[in-house]
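Trainee: Contents of query30.cif (mmCIF, C-alpha atoms and all ligand atoms) are given next:
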```cif
data_structure
#
loop_
_atom_site.label_atom_id
_atom_site.label_comp_id
_atom_site.auth_asym_id
_atom_site.auth_seq_id
_atom_site.Cartn_x
_atom_site.Cartn_y
_atom_site.Cartn_z
CA MET A 1 86.24 110.16 73.03
CA TYR A 2 85.43 111.36 69.56
CA GLU A 3 82.94 114.21 69.85
CA ASP A 4 80.00 115.12 67.63
CA LEU A 5 80.70 117.61 64.89
CA GLN A 6 79.09 120.93 65.74
CA ASP A 7 77.44 123.61 63.65
CA ARG A 8 76.11 121.11 61.15
CA TRP A 9 72.78 119.84 59.87
CA TYR A 10 72.02 116.30 61.06
CA VAL A 11 69.32 114.13 59.52
CA ILE A 12 67.00 113.17 62.39
CA ALA A 13 63.97 111.66 60.65
CA ASP A 14 62.30 110.68 57.42
CA ALA A 15 60.07 113.61 56.42
CA ALA A 16 57.20 111.17 55.79
CA GLU A 17 57.16 110.28 59.49
CA VAL A 18 55.94 113.75 60.45
CA ARG A 19 52.30 113.77 59.42
CA ALA A 20 49.99 116.77 59.52
CA GLY A 21 48.01 117.01 62.75
CA LYS A 22 49.96 114.21 64.44
CA PRO A 23 52.69 115.03 66.97
CA LEU A 24 55.67 112.71 66.64
CA PRO A 25 57.82 111.85 69.68
CA LEU A 26 61.48 111.17 68.87
CA ARG A 27 64.50 110.61 71.05
CA ARG A 28 67.53 112.28 69.47
CA PHE A 29 70.96 113.08 70.94
CA GLY A 30 69.71 111.73 74.28
CA GLU A 31 66.80 114.17 74.49
CA ASP A 32 63.09 113.68 73.99
CA LEU A 33 61.66 115.87 71.26
CA VAL A 34 58.20 116.29 69.84
CA LEU A 35 57.87 117.16 66.16
CA TRP A 36 54.79 118.42 64.37
CA ARG A 37 53.74 120.35 61.30
CA ASP A 38 52.56 123.89 61.91
CA GLY A 39 49.74 125.68 60.11
CA HIS A 40 51.93 126.09 56.99
CA GLY A 41 53.02 122.44 56.93
CA GLN A 42 56.47 123.38 58.22
CA VAL A 43 58.12 121.04 60.67
CA ALA A 44 58.69 122.27 64.22
CA ALA A 45 60.22 120.67 67.31
CA VAL A 46 60.40 121.46 71.01
CA LEU A 47 61.38 119.44 74.06
CA ASP A 48 58.75 116.77 74.65
CA ARG A 49 58.08 117.97 78.19
CA CYS A 50 55.72 120.73 79.14
CA PRO A 51 57.59 123.27 81.28
CA HIS A 52 54.46 123.69 83.41
CA ARG A 53 54.21 120.25 85.03
CA GLY A 54 56.46 118.01 82.95
CA VAL A 55 53.85 116.21 80.87
CA PRO A 56 54.93 114.83 77.45
CA LEU A 57 53.58 117.15 74.79
CA HIS A 58 53.30 114.44 72.14
CA ASN A 59 50.15 113.22 73.90
CA GLY A 60 48.58 116.59 73.13
CA ARG A 61 47.18 117.95 69.91
CA VAL A 62 48.16 120.35 67.17
CA ARG A 63 45.90 123.43 67.44
CA ASP A 64 46.18 126.41 65.10
CA GLY A 65 49.67 125.24 64.17
CA ASP A 66 50.90 125.07 67.77
CA ILE A 67 51.34 122.08 70.07
CA GLU A 68 48.83 121.96 72.90
CA CYS A 69 49.67 120.26 76.17
CA PRO A 70 47.13 117.56 77.13
CA PHE A 71 47.17 118.53 80.85
CA HIS A 72 46.15 122.20 81.11
CA GLY A 73 46.07 123.25 77.48
CA PHE A 74 49.13 125.51 77.37
CA ARG A 75 50.25 125.94 73.76
CA TYR A 76 53.71 126.44 72.26
CA ASP A 77 54.72 127.50 68.79
CA GLY A 78 57.65 126.26 66.73
CA ARG A 79 59.99 128.78 68.37
CA GLY A 80 59.07 127.41 71.81
CA GLN A 81 57.06 130.48 72.68
CA CYS A 82 53.95 129.93 74.81
CA THR A 83 50.88 131.21 72.94
CA ARG A 84 47.99 130.18 75.18
CA MET A 85 47.58 129.76 78.95
CA PRO A 86 43.85 129.16 79.43
CA CYS A 87 43.88 128.87 83.24
CA GLU A 88 45.46 132.33 83.48
CA GLY A 89 43.04 133.89 81.04
CA ASP A 90 45.88 134.07 78.49
CA GLU A 91 47.27 136.99 80.50
CA PRO A 92 49.70 138.54 77.98
CA GLY A 93 52.39 139.51 80.51
CA LEU A 94 52.61 135.91 81.67
CA VAL A 95 52.23 134.17 78.31
CA SER A 96 54.89 136.26 76.58
CA ARG A 97 57.49 135.42 79.24
CA TYR A 98 56.78 131.68 79.18
CA ARG A 99 58.66 129.44 76.79
CA THR A 100 60.23 126.07 76.24
CA ARG A 101 63.28 124.96 74.28
CA ALA A 102 62.82 124.75 70.52
CA PHE A 103 65.06 123.22 67.87
CA VAL A 104 66.07 124.60 64.49
CA LEU A 105 64.80 122.27 61.78
CA ARG A 106 64.70 122.11 58.00
CA GLU A 107 62.97 119.77 55.61
CA ALA A 108 64.94 118.89 52.48
CA HIS A 109 65.46 115.89 50.17
CA GLY A 110 62.73 113.98 52.00
CA TRP A 111 64.47 114.25 55.36
CA ILE A 112 64.12 116.33 58.52
CA TRP A 113 67.40 118.01 59.51
CA LEU A 114 68.28 119.42 62.90
CA TRP A 115 70.85 122.15 63.41
CA ARG A 116 73.31 121.09 66.09
CA GLY A 117 75.46 123.96 67.24
CA GLN A 118 75.21 127.64 67.94
CA PRO A 119 72.10 129.39 66.67
CA ARG A 120 72.84 131.93 63.96
CA GLU A 121 71.06 134.42 61.82
CA HIS A 122 71.74 132.64 58.54
CA TYR A 123 72.18 128.91 58.35
CA PRO A 124 74.30 127.18 55.70
CA GLU A 125 72.81 125.19 52.86
CA ILE A 126 72.27 121.51 53.41
CA ALA A 127 74.84 119.50 51.46
CA TYR A 128 73.52 116.45 49.59
CA PHE A 129 74.61 113.99 46.92
CA ASP A 130 74.44 114.83 43.20
CA GLU A 131 74.09 111.11 42.51
CA LEU A 132 70.58 111.16 44.00
CA ARG A 133 67.97 112.69 41.75
CA PRO A 134 64.58 113.86 43.00
CA GLY A 135 62.87 111.82 40.26
CA ASP A 136 64.48 108.52 41.30
CA ALA A 137 62.21 105.82 42.68
CA GLN A 138 62.82 105.54 46.41
CA HIS A 139 62.14 103.06 49.13
CA THR A 140 62.99 103.73 52.77
CA THR A 141 63.32 101.45 55.76
CA SER A 142 65.02 101.79 59.12
CA VAL A 143 66.62 99.73 61.89
CA VAL A 144 67.91 100.54 65.37
CA TRP A 145 71.35 99.42 66.50
CA ASN A 146 72.58 99.30 70.07
CA THR A 147 75.69 101.37 69.63
CA ASN A 148 76.87 104.90 68.98
CA TYR A 149 76.35 106.39 65.51
CA ILE A 150 80.10 106.97 65.09
CA ARG A 151 80.68 103.20 65.13
CA CYS A 152 77.93 102.79 62.54
CA ILE A 153 79.52 105.38 60.26
CA GLU A 154 82.95 103.81 60.62
CA ASN A 155 81.54 100.44 59.65
CA GLN A 156 80.27 101.93 56.40
CA LEU A 157 83.73 103.37 55.66
CA ASP A 158 85.31 99.94 55.94
CA PHE A 159 85.94 97.80 52.85
CA THR A 160 88.07 95.04 54.25
CA HIS A 161 85.30 93.46 56.31
CA LEU A 162 83.28 92.64 53.19
CA PRO A 163 84.64 89.12 52.44
CA PHE A 164 84.58 88.23 56.15
CA VAL A 165 81.32 89.66 57.49
CA HIS A 166 79.40 89.38 54.21
CA GLY A 167 81.01 86.23 52.79
CA ASN A 168 77.63 84.83 51.70
CA THR A 169 76.04 88.11 50.55
CA ILE A 170 77.68 91.23 49.11
CA GLY A 171 81.20 89.98 49.84
CA LYS A 172 80.66 86.64 48.10
CA GLY A 173 83.55 85.76 45.79
CA MET A 174 85.68 88.62 47.03
CA SER A 175 89.29 87.86 47.69
CA LYS A 176 90.30 87.68 51.33
CA GLY A 177 93.73 88.83 50.31
CA ARG A 178 95.35 92.18 49.80
CA MET A 179 93.12 95.12 49.05
CA ILE A 180 93.99 98.64 48.01
CA VAL A 181 91.70 101.32 49.40
CA HIS A 182 91.59 104.80 47.88
CA THR A 183 90.34 107.83 49.76
CA ARG A 184 89.53 111.34 48.68
CA ILE A 185 88.71 114.05 51.19
CA ASP A 186 86.96 117.24 50.26
CA GLY A 187 85.74 119.36 53.17
CA ASP A 188 83.02 117.35 54.92
CA ARG A 189 83.10 114.67 52.22
CA ILE A 190 85.06 111.45 52.38
CA ARG A 191 84.89 109.32 49.25
CA ALA A 192 86.46 105.88 49.13
CA TRP A 193 86.73 102.99 46.73
CA ALA A 194 88.74 99.82 46.62
CA ASP A 195 90.67 97.64 44.21
CA VAL A 196 89.27 94.33 45.24
CA GLY A 197 91.33 92.04 43.06
CA PRO A 198 90.99 90.07 39.83
CA ASN A 199 87.60 88.62 40.77
CA GLU A 200 86.15 92.04 40.35
CA ALA A 201 86.77 92.67 36.68
CA ARG A 202 84.43 95.54 35.95
CA ASP A 203 83.06 97.10 32.84
CA ARG A 204 82.36 100.37 34.58
CA GLU A 205 83.68 102.82 37.14
CA PRO A 206 84.39 101.10 40.44
CA ALA A 207 81.67 101.42 43.04
CA TYR A 208 82.42 104.03 45.65
CA LEU A 209 81.05 105.15 48.93
CA GLU A 210 80.85 108.70 50.14
CA LEU A 211 80.18 110.18 53.53
CA ILE A 212 79.00 113.73 53.98
CA ALA A 213 79.67 114.51 57.61
CA PRO A 214 78.03 114.59 60.00
CA ASN A 215 75.69 111.70 59.21
CA ILE A 216 74.77 110.81 55.62
CA TRP A 217 76.36 108.30 53.27
CA ILE A 218 75.88 106.64 49.88
CA LEU A 219 77.14 103.57 48.09
CA THR A 220 76.94 103.49 44.29
CA PHE A 221 76.70 99.72 44.20
CA ALA A 222 75.13 99.18 40.77
CA LYS A 223 74.28 101.03 37.61
CA ARG A 224 71.38 103.38 38.29
CA MET A 225 71.07 102.24 41.90
CA VAL A 226 72.41 103.95 45.00
CA ASN A 227 72.02 103.02 48.64
CA PHE A 228 71.69 105.93 51.03
CA LEU A 229 72.12 105.72 54.79
CA ALA A 230 71.51 108.28 57.53
CA PHE A 231 73.05 107.48 60.91
CA VAL A 232 70.72 109.16 63.39
CA PRO A 233 71.85 109.41 67.02
CA ILE A 234 69.11 108.37 69.47
CA ASP A 235 71.47 108.53 72.44
CA GLU A 236 75.02 107.50 73.29
CA THR A 237 74.37 103.80 72.73
CA HIS A 238 71.53 103.70 70.21
CA THR A 239 71.40 104.70 66.57
CA GLN A 240 68.57 104.66 64.08
CA LEU A 241 69.83 103.83 60.62
CA TYR A 242 67.58 105.03 57.82
CA LEU A 243 68.22 103.17 54.60
CA ARG A 244 66.84 104.56 51.36
CA LEU A 245 67.28 102.93 47.98
CA TYR A 246 67.33 105.36 45.05
CA GLN A 247 66.94 103.63 41.70
CA ARG A 248 66.24 104.26 38.03
CA VAL A 249 66.00 100.62 36.99
CA ILE A 250 62.29 100.02 37.49
CA THR A 251 60.25 103.17 37.37
CA VAL A 252 56.70 101.86 36.91
CA PRO A 253 54.77 102.97 40.01
CA GLY A 254 53.83 100.04 42.21
CA LEU A 255 56.43 97.80 40.60
CA SER A 256 59.17 100.21 41.62
CA TRP A 257 57.89 100.15 45.20
CA LEU A 258 57.92 96.33 45.18
CA PHE A 259 61.41 96.32 43.72
CA GLY A 260 62.59 98.78 46.39
CA TRP A 261 60.97 96.72 49.11
CA MET A 262 62.74 93.56 47.90
CA MET A 263 66.09 95.30 47.55
CA ASN A 264 65.78 96.73 51.02
CA LEU A 265 64.85 93.33 52.40
CA ALA A 266 68.22 92.12 51.07
CA ASN A 267 69.90 95.27 52.40
CA ARG A 268 68.50 94.58 55.84
CA VAL A 269 70.04 91.10 55.79
CA VAL A 270 73.41 92.69 54.99
CA LEU A 271 72.98 95.26 57.75
CA GLN A 272 72.10 92.51 60.18
CA GLN A 273 75.45 90.87 59.38
CA ASP A 274 77.20 94.16 60.16
CA ARG A 275 75.20 94.69 63.30
CA ARG A 276 76.66 91.69 65.08
CA VAL A 277 80.23 92.93 64.85
CA VAL A 278 79.52 96.64 65.18
CA GLU A 279 77.45 96.30 68.35
CA ALA A 280 80.19 94.13 69.83
CA SER A 281 82.87 96.81 69.24
CA LEU A 282 83.76 98.52 72.50
CA PRO A 283 83.48 101.17 73.70
CA PRO A 284 80.28 102.06 71.81
CA ARG A 285 81.66 105.52 71.03
CA PRO A 286 85.27 105.11 69.96
CA THR A 287 87.79 107.15 71.84
CA PRO A 288 91.33 108.24 71.06
CA ASP A 289 92.30 107.11 74.59
CA VAL A 290 91.69 103.45 73.76
CA ARG A 291 93.94 103.09 70.79
CA GLU A 292 92.89 100.90 67.94
CA MET A 293 95.84 99.95 65.80
CA LEU A 294 94.64 101.03 62.40
CA VAL A 295 96.30 99.89 59.17
CA PRO A 296 96.63 101.48 55.72
CA THR A 297 93.38 99.99 54.40
CA ASP A 298 91.56 101.79 57.23
CA ALA A 299 92.33 105.07 55.44
CA PRO A 300 88.66 106.21 55.23
CA VAL A 301 88.14 105.57 58.96
CA ILE A 302 91.38 107.38 59.74
CA ALA A 303 90.22 110.34 57.63
CA TYR A 304 86.92 110.45 59.51
CA ARG A 305 88.57 110.27 62.94
CA ARG A 306 91.00 113.00 61.94
CA MET A 307 88.08 115.18 60.92
CA LEU A 308 86.46 114.68 64.35
CA THR A 309 89.71 115.28 66.21
CA ARG A 310 90.67 118.35 64.23
CA GLU A 311 87.35 120.03 64.92
CA ALA A 312 87.29 119.13 68.60
CA LYS A 313 90.76 120.63 69.03
CA ALA A 314 89.77 123.78 67.17
CA ARG A 315 86.73 124.13 69.43
CA ARG A 316 88.84 123.83 72.55
CA ARG A 317 91.30 126.38 71.29
CA SER A 318 88.48 128.84 70.79
CA LEU A 319 87.05 128.29 74.31
CA PRO A 320 88.11 130.70 77.05
CA LEU A 321 90.59 129.19 79.49
CA HIS A 322 89.02 128.14 82.75
CA ALA A 323 90.36 126.18 85.68
CA ASP A 324 87.46 123.69 85.47
CA ALA A 325 87.53 123.33 81.71
CA PRO A 326 87.60 119.66 80.67
CA ARG A 327 91.08 118.52 79.77
CA GLU A 328 91.81 117.39 76.29
CA PRO A 329 92.26 113.63 76.17
CA THR A 330 95.76 112.39 75.46
CA PRO A 331 95.98 111.80 71.71
S1 LIG B 1 51.51 120.35 82.33
FE1 LIG B 1 51.31 121.20 80.39
S2 LIG B 1 49.87 122.73 80.63
FE2 LIG B 1 50.13 121.97 82.60
FE FE B 2 79.15 95.70 56.10
#
```
Can the structure in the file be given as structure tokens, please?

Mentor:
Amino acid sequence: MYEDLQDRWYVIADAAEVRAGKPLPLRRFGEDLVLWRDGHGQVAAVLDRCPHRGVPLHNGRVRDGDIECPFHGFRYDGRGQCTRMPCEGDEPGLVSRYRTRAFVLREAHGWIWLWRGQPREHYPEIAYFDELRPGDAQHTTSVVWNTNYIRCIENQLDFTHLPFVHGNTIGKGMSKGRMIVHTRIDGDRIRAWADVGPNEARDREPAYLELIAPNIWILTFAKRMVNFLAFVPIDETHTQLYLRLYQRVITVPGLSWLFGWMMNLANRVVLQQDRRVVEASLPPRPTPDVREMLVPTDAPVIAYRRMLTREAKARRRSLPLHADAPREPTP
């Protein structure tokens, strides 16, 4: 199957979800995490399970910037280090050797990002889209789909479904005939746009979509308006899609929120149309073993799958040979 890209920053939450003094439980990549803001307002995350007796830490409280377990009051800092063990009189020899698993997080562009891969001394910058300006009015919503995030990404790299799946919304009036899809690949970025036929006479640059792997995407669907999506893995068969509208059309506070809310209501209808077909695609995580017979207009999907395959192969080549090492699937 297509594997997750490693050594990358993944969006895992909207920064606004992590409120000061309030631990936030989140399931991500099949694991239960608890996020909170430490004494400096920085976001931290550890496994949502106290190593002492297995209690979920999100039911505890934030104390002096650390998360405190609700059962016996052990505390952990953002590096997973135990800082208090009241029942043992905070005995330093014991406390300093006691820890839980922590995650490397960053907060940027209004999102929480998790580093998935090997820990390192210096982490790379988080790549984002120049099209999105910090001063743009924004409105964010989210939905959960019952499938793997790779399927969700592939759906957003697909132009030819528009007149079929969205015939009465964004694909209305589009020709169901021949389409030419253009793709440009630049490192972790895949940009694509389509010639959609004479019905689409435009007085401006064609709309394009762009993915920055591993899990963020935009669509420049109108002048001064961009849809942003983050495809956040909950587990193998569930994905939280965060949808944020960035716009410079209506900037009056209050009105811009209402406008964003209405636009996102429409966006949710469109996503619901996608959801039916995407959730029905099997297996939930596509795999090179079950061949799908892709065609030239699938070029952006092909580019994405090649990116995943190339990296997985490179990883295997760099692993030491071992008799029990998992075999590479037949391409
Ligand atoms: S279970 Fe958390 S401190 Fe005991
Ligand atoms: Fe769609």

Trainee: Distance limit 9 Å, reference ligand FE 2 (chain B), atoms considered: all atoms listed in the file. Which residues make the cut? Give them as a list in words.

Mentor: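 Counting only what the definition allows, namely all atoms listed in the file, the set is Asn155, Gln156, Leu157, Asp158, Phe159, His161, Leu162, Val165, His166, Ile170, Gly171, Val270, Leu271, Gln272, Gln273, Asp274 and Arg275 of chain A.
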
Trainee: Would you name the residues within 8 Å of ligand LIG 1 (chain B), counting all atoms listed in the file, and put them as a list in words?

Mentor: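 With all atoms listed in the file and a cut-off of 8 Å, ligand LIG 1 (chain B) is contacted by Arg49, Cys50, Pro51, His52, Arg53, Gly54, Val55, Pro56, Leu57, Glu68, Cys69, Pro70, Phe71, His72, Gly73, Phe74, Arg75 and Met85 of chain A.
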
Trainee: Closest to A:Ser96 among A:Trp113, A:Tyr208, A:Phe164, A:Tyr76, using all atoms listed in the file?

Mentor: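 Selected residue with least distance to A:Ser96: A:Tyr76.
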
Trainee: Show me a table, sorted first by chain and then by increasing residue number, of the residues of stretch 143-253 of chain A having an atom at most 12 Å from stretch 301-309 of chain A, each with its shortest atom pair and the distance in Å to one decimal, counting only C-alpha atoms and written as a Markdown table.

Mentor:
```
| residue | atom | partner | partner_atom | distance |
| --- | --- | --- | --- | --- |
| A:Ile150 | CA | A:Arg305 | CA | 9.3 |
| A:Arg151 | CA | A:Val301 | CA | 10.0 |
| A:Cys152 | CA | A:Val301 | CA | 11.2 |
| A:Ile153 | CA | A:Val301 | CA | 8.7 |
| A:Glu154 | CA | A:Val301 | CA | 5.7 |
| A:Asn155 | CA | A:Val301 | CA | 8.4 |
| A:Gln156 | CA | A:Val301 | CA | 9.0 |
| A:Leu157 | CA | A:Val301 | CA | 5.9 |
| A:Asp158 | CA | A:Val301 | CA | 7.0 |
| A:Phe159 | CA | A:Val301 | CA | 10.1 |
| A:Thr160 | CA | A:Val301 | CA | 11.5 |
| A:Val181 | CA | A:Val301 | CA | 11.1 |
| A:His182 | CA | A:Ala303 | CA | 11.3 |
| A:Thr183 | CA | A:Ala303 | CA | 8.3 |
| A:Arg184 | CA | A:Ala303 | CA | 9.0 |
| A:Ile185 | CA | A:Ala303 | CA | 7.6 |
| A:Asp186 | CA | A:Ala303 | CA | 10.6 |
| A:Gly187 | CA | A:Met307 | CA | 9.1 |
| A:Asp188 | CA | A:Met307 | CA | 8.1 |
| A:Arg189 | CA | A:Tyr304 | CA | 9.2 |
| A:Ile190 | CA | A:Tyr304 | CA | 7.4 |
| A:Arg191 | CA | A:Ala303 | CA | 10.0 |
| A:Ala192 | CA | A:Val301 | CA | 10.0 |
| A:Glu210 | CA | A:Tyr304 | CA | 11.3 |
| A:Leu211 | CA | A:Tyr304 | CA | 9.0 |
| A:Ile212 | CA | A:Tyr304 | CA | 10.2 |
| A:Ala213 | CA | A:Tyr304 | CA | 8.5 |
| A:Pro214 | CA | A:Leu308 | CA | 9.5 |
| A:Asn215 | CA | A:Tyr304 | CA | 11.3 |
```

Trainee: In terms of the shortest atom-to-atom distance over all atoms listed in the file, which of A:Cys87, A:Met262, A:Leu94, A:Ala13 is closest to A:Leu26?

Mentor: A:Ala13

Trainee: Give me the residues near A:Pro25 as an MDAnalysis selection string, where near means some atom within 7 Å (using all atoms listed in the file) and where sequence neighbours in that chain fewer than 3 positions away do not count.

Mentor: chainID A and resid 33:35 58

Trainee: Please provide the set of residues having any atom within 10 Å of A:Pro283, restricted to all atoms listed in the file, with same-chain residues fewer than 6 positions apart removed, written as a VMD selection string.

Mentor: chain A and resid 1 147 to 148 151 237 290

Trainee: Would you save the residues from that selection as a compact mmCIF listing (two decimals), in the coordinates of the input, using C-alpha atoms?

Mentor:
```txt
# COMPACT_ATOMS: atom_id res chain seq x y z
CA MET A 1 86.24 110.16 73.03
CA THR A 147 75.69 101.37 69.63
CA ASN A 148 76.87 104.90 68.98
CA ARG A 151 80.68 103.20 65.13
CA THR A 237 74.37 103.80 72.73
CA VAL A 290 91.69 103.45 73.76
```

Trainee: Counting all atoms listed in the file, which of A:Gly173, A:Tyr246, A:Asp66, A:Cys82 gets nearest to A:Pro134?

Mentor: A:Tyr246

Trainee: Write out as a ChimeraX atom specification which residues come within 8 Å of A:Leu105 when counting only C-alpha atoms, dropping same-chain ones fewer than 5 positions away.

Mentor: /A:43-45,112-115

Trainee: To one decimal place in Å, what is the distance between atom CA of A:Trp9 and atom CA of A:Gly110?

Mentor: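 Rounded to one decimal, the two atoms are 14.0 Å apart.
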
Trainee: Between A:Glu279, A:Pro300, A:Thr141, A:Phe231, which has the minimum distance to A:Ile180 (counting only C-alpha atoms)?

Mentor: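 Selected residue with least distance to A:Ile180: A:Pro300.
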
Trainee: Counting all atoms listed in the file, which of A:Arg316, A:Arg310, A:Arg37, A:His139 gets nearest to A:Arg248?

Mentor: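 Using all atoms listed in the file, A:Arg248 sits closest to A:His139.
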
Trainee: For atom CA of A:Leu294 and atom CA of A:Trp217, determine how far apart the two atoms are, in Å to one decimal place.

Mentor: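 Atom CA of A:Trp217 lies at a distance of 21.7 Å from atom CA of A:Leu294.
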
Trainee: For A:Asp14, which of A:Tyr242, A:Trp193, A:Phe103, A:Tyr149 is the closest residue, counting all atoms listed in the file?

Mentor: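 Among the listed residues, A:Tyr242 lies closest to A:Asp14.
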
Trainee: What is the atom CA of A:Asp64 to atom CA of A:Trp111 distance in Å?

Mentor: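 Separation of atom CA of A:Asp64 and atom CA of A:Trp111: 24.0 Å.
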
Trainee: Mind rebuilding stretch 64-88 of chain A with N, CA and C atoms and writing that out as a PDB file, in the coordinates of the input?

Mentor:
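Resulting contents of result.pdb:
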```pdb
ATOM      1  N   ASP A  64      45.784 125.157  65.772  1.00  0.00           N
ATOM      2  CA  ASP A  64      46.180 126.410  65.100  1.00  0.00           C
ATOM      3  C   ASP A  64      47.689 126.439  64.845  1.00  0.00           C
ATOM      4  N   GLY A  65      48.254 125.310  64.520  1.00  0.00           N
ATOM      5  CA  GLY A  65      49.670 125.240  64.170  1.00  0.00           C
ATOM      6  C   GLY A  65      50.602 125.117  65.364  1.00  0.00           C
ATOM      7  N   ASP A  66      50.062 125.204  66.571  1.00  0.00           N
ATOM      8  CA  ASP A  66      50.900 125.070  67.770  1.00  0.00           C
ATOM      9  C   ASP A  66      50.650 123.714  68.435  1.00  0.00           C
ATOM     10  N   ILE A  67      51.547 123.333  69.330  1.00  0.00           N
ATOM     11  CA  ILE A  67      51.340 122.080  70.070  1.00  0.00           C
ATOM     12  C   ILE A  67      50.662 122.424  71.394  1.00  0.00           C
ATOM     13  N   GLU A  68      49.611 121.680  71.690  1.00  0.00           N
ATOM     14  CA  GLU A  68      48.830 121.960  72.900  1.00  0.00           C
ATOM     15  C   GLU A  68      49.045 120.849  73.915  1.00  0.00           C
ATOM     16  N   CYS A  69      49.425 121.233  75.117  1.00  0.00           N
ATOM     17  CA  CYS A  69      49.670 120.260  76.170  1.00  0.00           C
ATOM     18  C   CYS A  69      48.348 119.598  76.591  1.00  0.00           C
ATOM     19  N   PRO A  70      48.378 118.254  76.790  1.00  0.00           N
ATOM     20  CA  PRO A  70      47.130 117.560  77.130  1.00  0.00           C
ATOM     21  C   PRO A  70      46.674 117.815  78.570  1.00  0.00           C
ATOM     22  N   PHE A  71      47.524 118.405  79.426  1.00  0.00           N
ATOM     23  CA  PHE A  71      47.170 118.530  80.850  1.00  0.00           C
ATOM     24  C   PHE A  71      46.340 119.791  81.116  1.00  0.00           C
ATOM     25  N   HIS A  72      46.878 120.963  80.823  1.00  0.00           N
ATOM     26  CA  HIS A  72      46.150 122.200  81.110  1.00  0.00           C
ATOM     27  C   HIS A  72      46.000 123.100  79.887  1.00  0.00           C
ATOM     28  N   GLY A  73      46.346 122.536  78.723  1.00  0.00           N
ATOM     29  CA  GLY A  73      46.070 123.250  77.480  1.00  0.00           C
ATOM     30  C   GLY A  73      47.009 124.394  77.137  1.00  0.00           C
ATOM     31  N   PHE A  74      48.162 124.494  77.796  1.00  0.00           N
ATOM     32  CA  PHE A  74      49.130 125.510  77.370  1.00  0.00           C
ATOM     33  C   PHE A  74      49.559 125.165  75.938  1.00  0.00           C
ATOM     34  N   ARG A  75      49.800 126.195  75.146  1.00  0.00           N
ATOM     35  CA  ARG A  75      50.250 125.940  73.760  1.00  0.00           C
ATOM     36  C   ARG A  75      51.606 126.582  73.522  1.00  0.00           C
ATOM     37  N   TYR A  76      52.369 125.953  72.618  1.00  0.00           N
ATOM     38  CA  TYR A  76      53.710 126.440  72.260  1.00  0.00           C
ATOM     39  C   TYR A  76      53.844 126.448  70.745  1.00  0.00           C
ATOM     40  N   ASP A  77      54.485 127.485  70.241  1.00  0.00           N
ATOM     41  CA  ASP A  77      54.720 127.500  68.790  1.00  0.00           C
ATOM     42  C   ASP A  77      56.083 126.896  68.469  1.00  0.00           C
ATOM     43  N   GLY A  78      56.426 126.916  67.189  1.00  0.00           N
ATOM     44  CA  GLY A  78      57.650 126.260  66.730  1.00  0.00           C
ATOM     45  C   GLY A  78      58.922 126.923  67.230  1.00  0.00           C
ATOM     46  N   ARG A  79      58.799 128.134  67.784  1.00  0.00           N
ATOM     47  CA  ARG A  79      59.990 128.780  68.370  1.00  0.00           C
ATOM     48  C   ARG A  79      60.060 128.520  69.872  1.00  0.00           C
ATOM     49  N   GLY A  80      59.086 127.737  70.380  1.00  0.00           N
ATOM     50  CA  GLY A  80      59.070 127.410  71.810  1.00  0.00           C
ATOM     51  C   GLY A  80      58.333 128.433  72.641  1.00  0.00           C
ATOM     52  N   GLN A  81      57.778 129.422  71.968  1.00  0.00           N
ATOM     53  CA  GLN A  81      57.060 130.480  72.680  1.00  0.00           C
ATOM     54  C   GLN A  81      55.671 130.007  73.083  1.00  0.00           C
ATOM     55  N   CYS A  82      55.307 130.246  74.358  1.00  0.00           N
ATOM     56  CA  CYS A  82      53.950 129.930  74.810  1.00  0.00           C
ATOM     57  C   CYS A  82      52.978 130.898  74.118  1.00  0.00           C
ATOM     58  N   THR A  83      51.854 130.357  73.639  1.00  0.00           N
ATOM     59  CA  THR A  83      50.880 131.210  72.940  1.00  0.00           C
ATOM     60  C   THR A  83      49.511 131.212  73.615  1.00  0.00           C
ATOM     61  N   ARG A  84      49.267 130.213  74.452  1.00  0.00           N
ATOM     62  CA  ARG A  84      47.990 130.180  75.180  1.00  0.00           C
ATOM     63  C   ARG A  84      48.232 129.633  76.585  1.00  0.00           C
ATOM     64  N   MET A  85      47.518 130.220  77.565  1.00  0.00           N
ATOM     65  CA  MET A  85      47.580 129.760  78.950  1.00  0.00           C
ATOM     66  C   MET A  85      46.159 129.910  79.502  1.00  0.00           C
ATOM     67  N   PRO A  86      45.274 128.976  79.138  1.00  0.00           N
ATOM     68  CA  PRO A  86      43.850 129.160  79.430  1.00  0.00           C
ATOM     69  C   PRO A  86      43.557 129.440  80.902  1.00  0.00           C
ATOM     70  N   CYS A  87      44.207 128.720  81.811  1.00  0.00           N
ATOM     71  CA  CYS A  87      43.880 128.870  83.240  1.00  0.00           C
ATOM     72  C   CYS A  87      44.228 130.259  83.779  1.00  0.00           C
ATOM     73  N   GLU A  88      45.087 130.978  83.062  1.00  0.00           N
ATOM     74  CA  GLU A  88      45.460 132.330  83.480  1.00  0.00           C
ATOM     75  C   GLU A  88      44.789 133.387  82.602  1.00  0.00           C
TER      76      GLU A  88
END
```
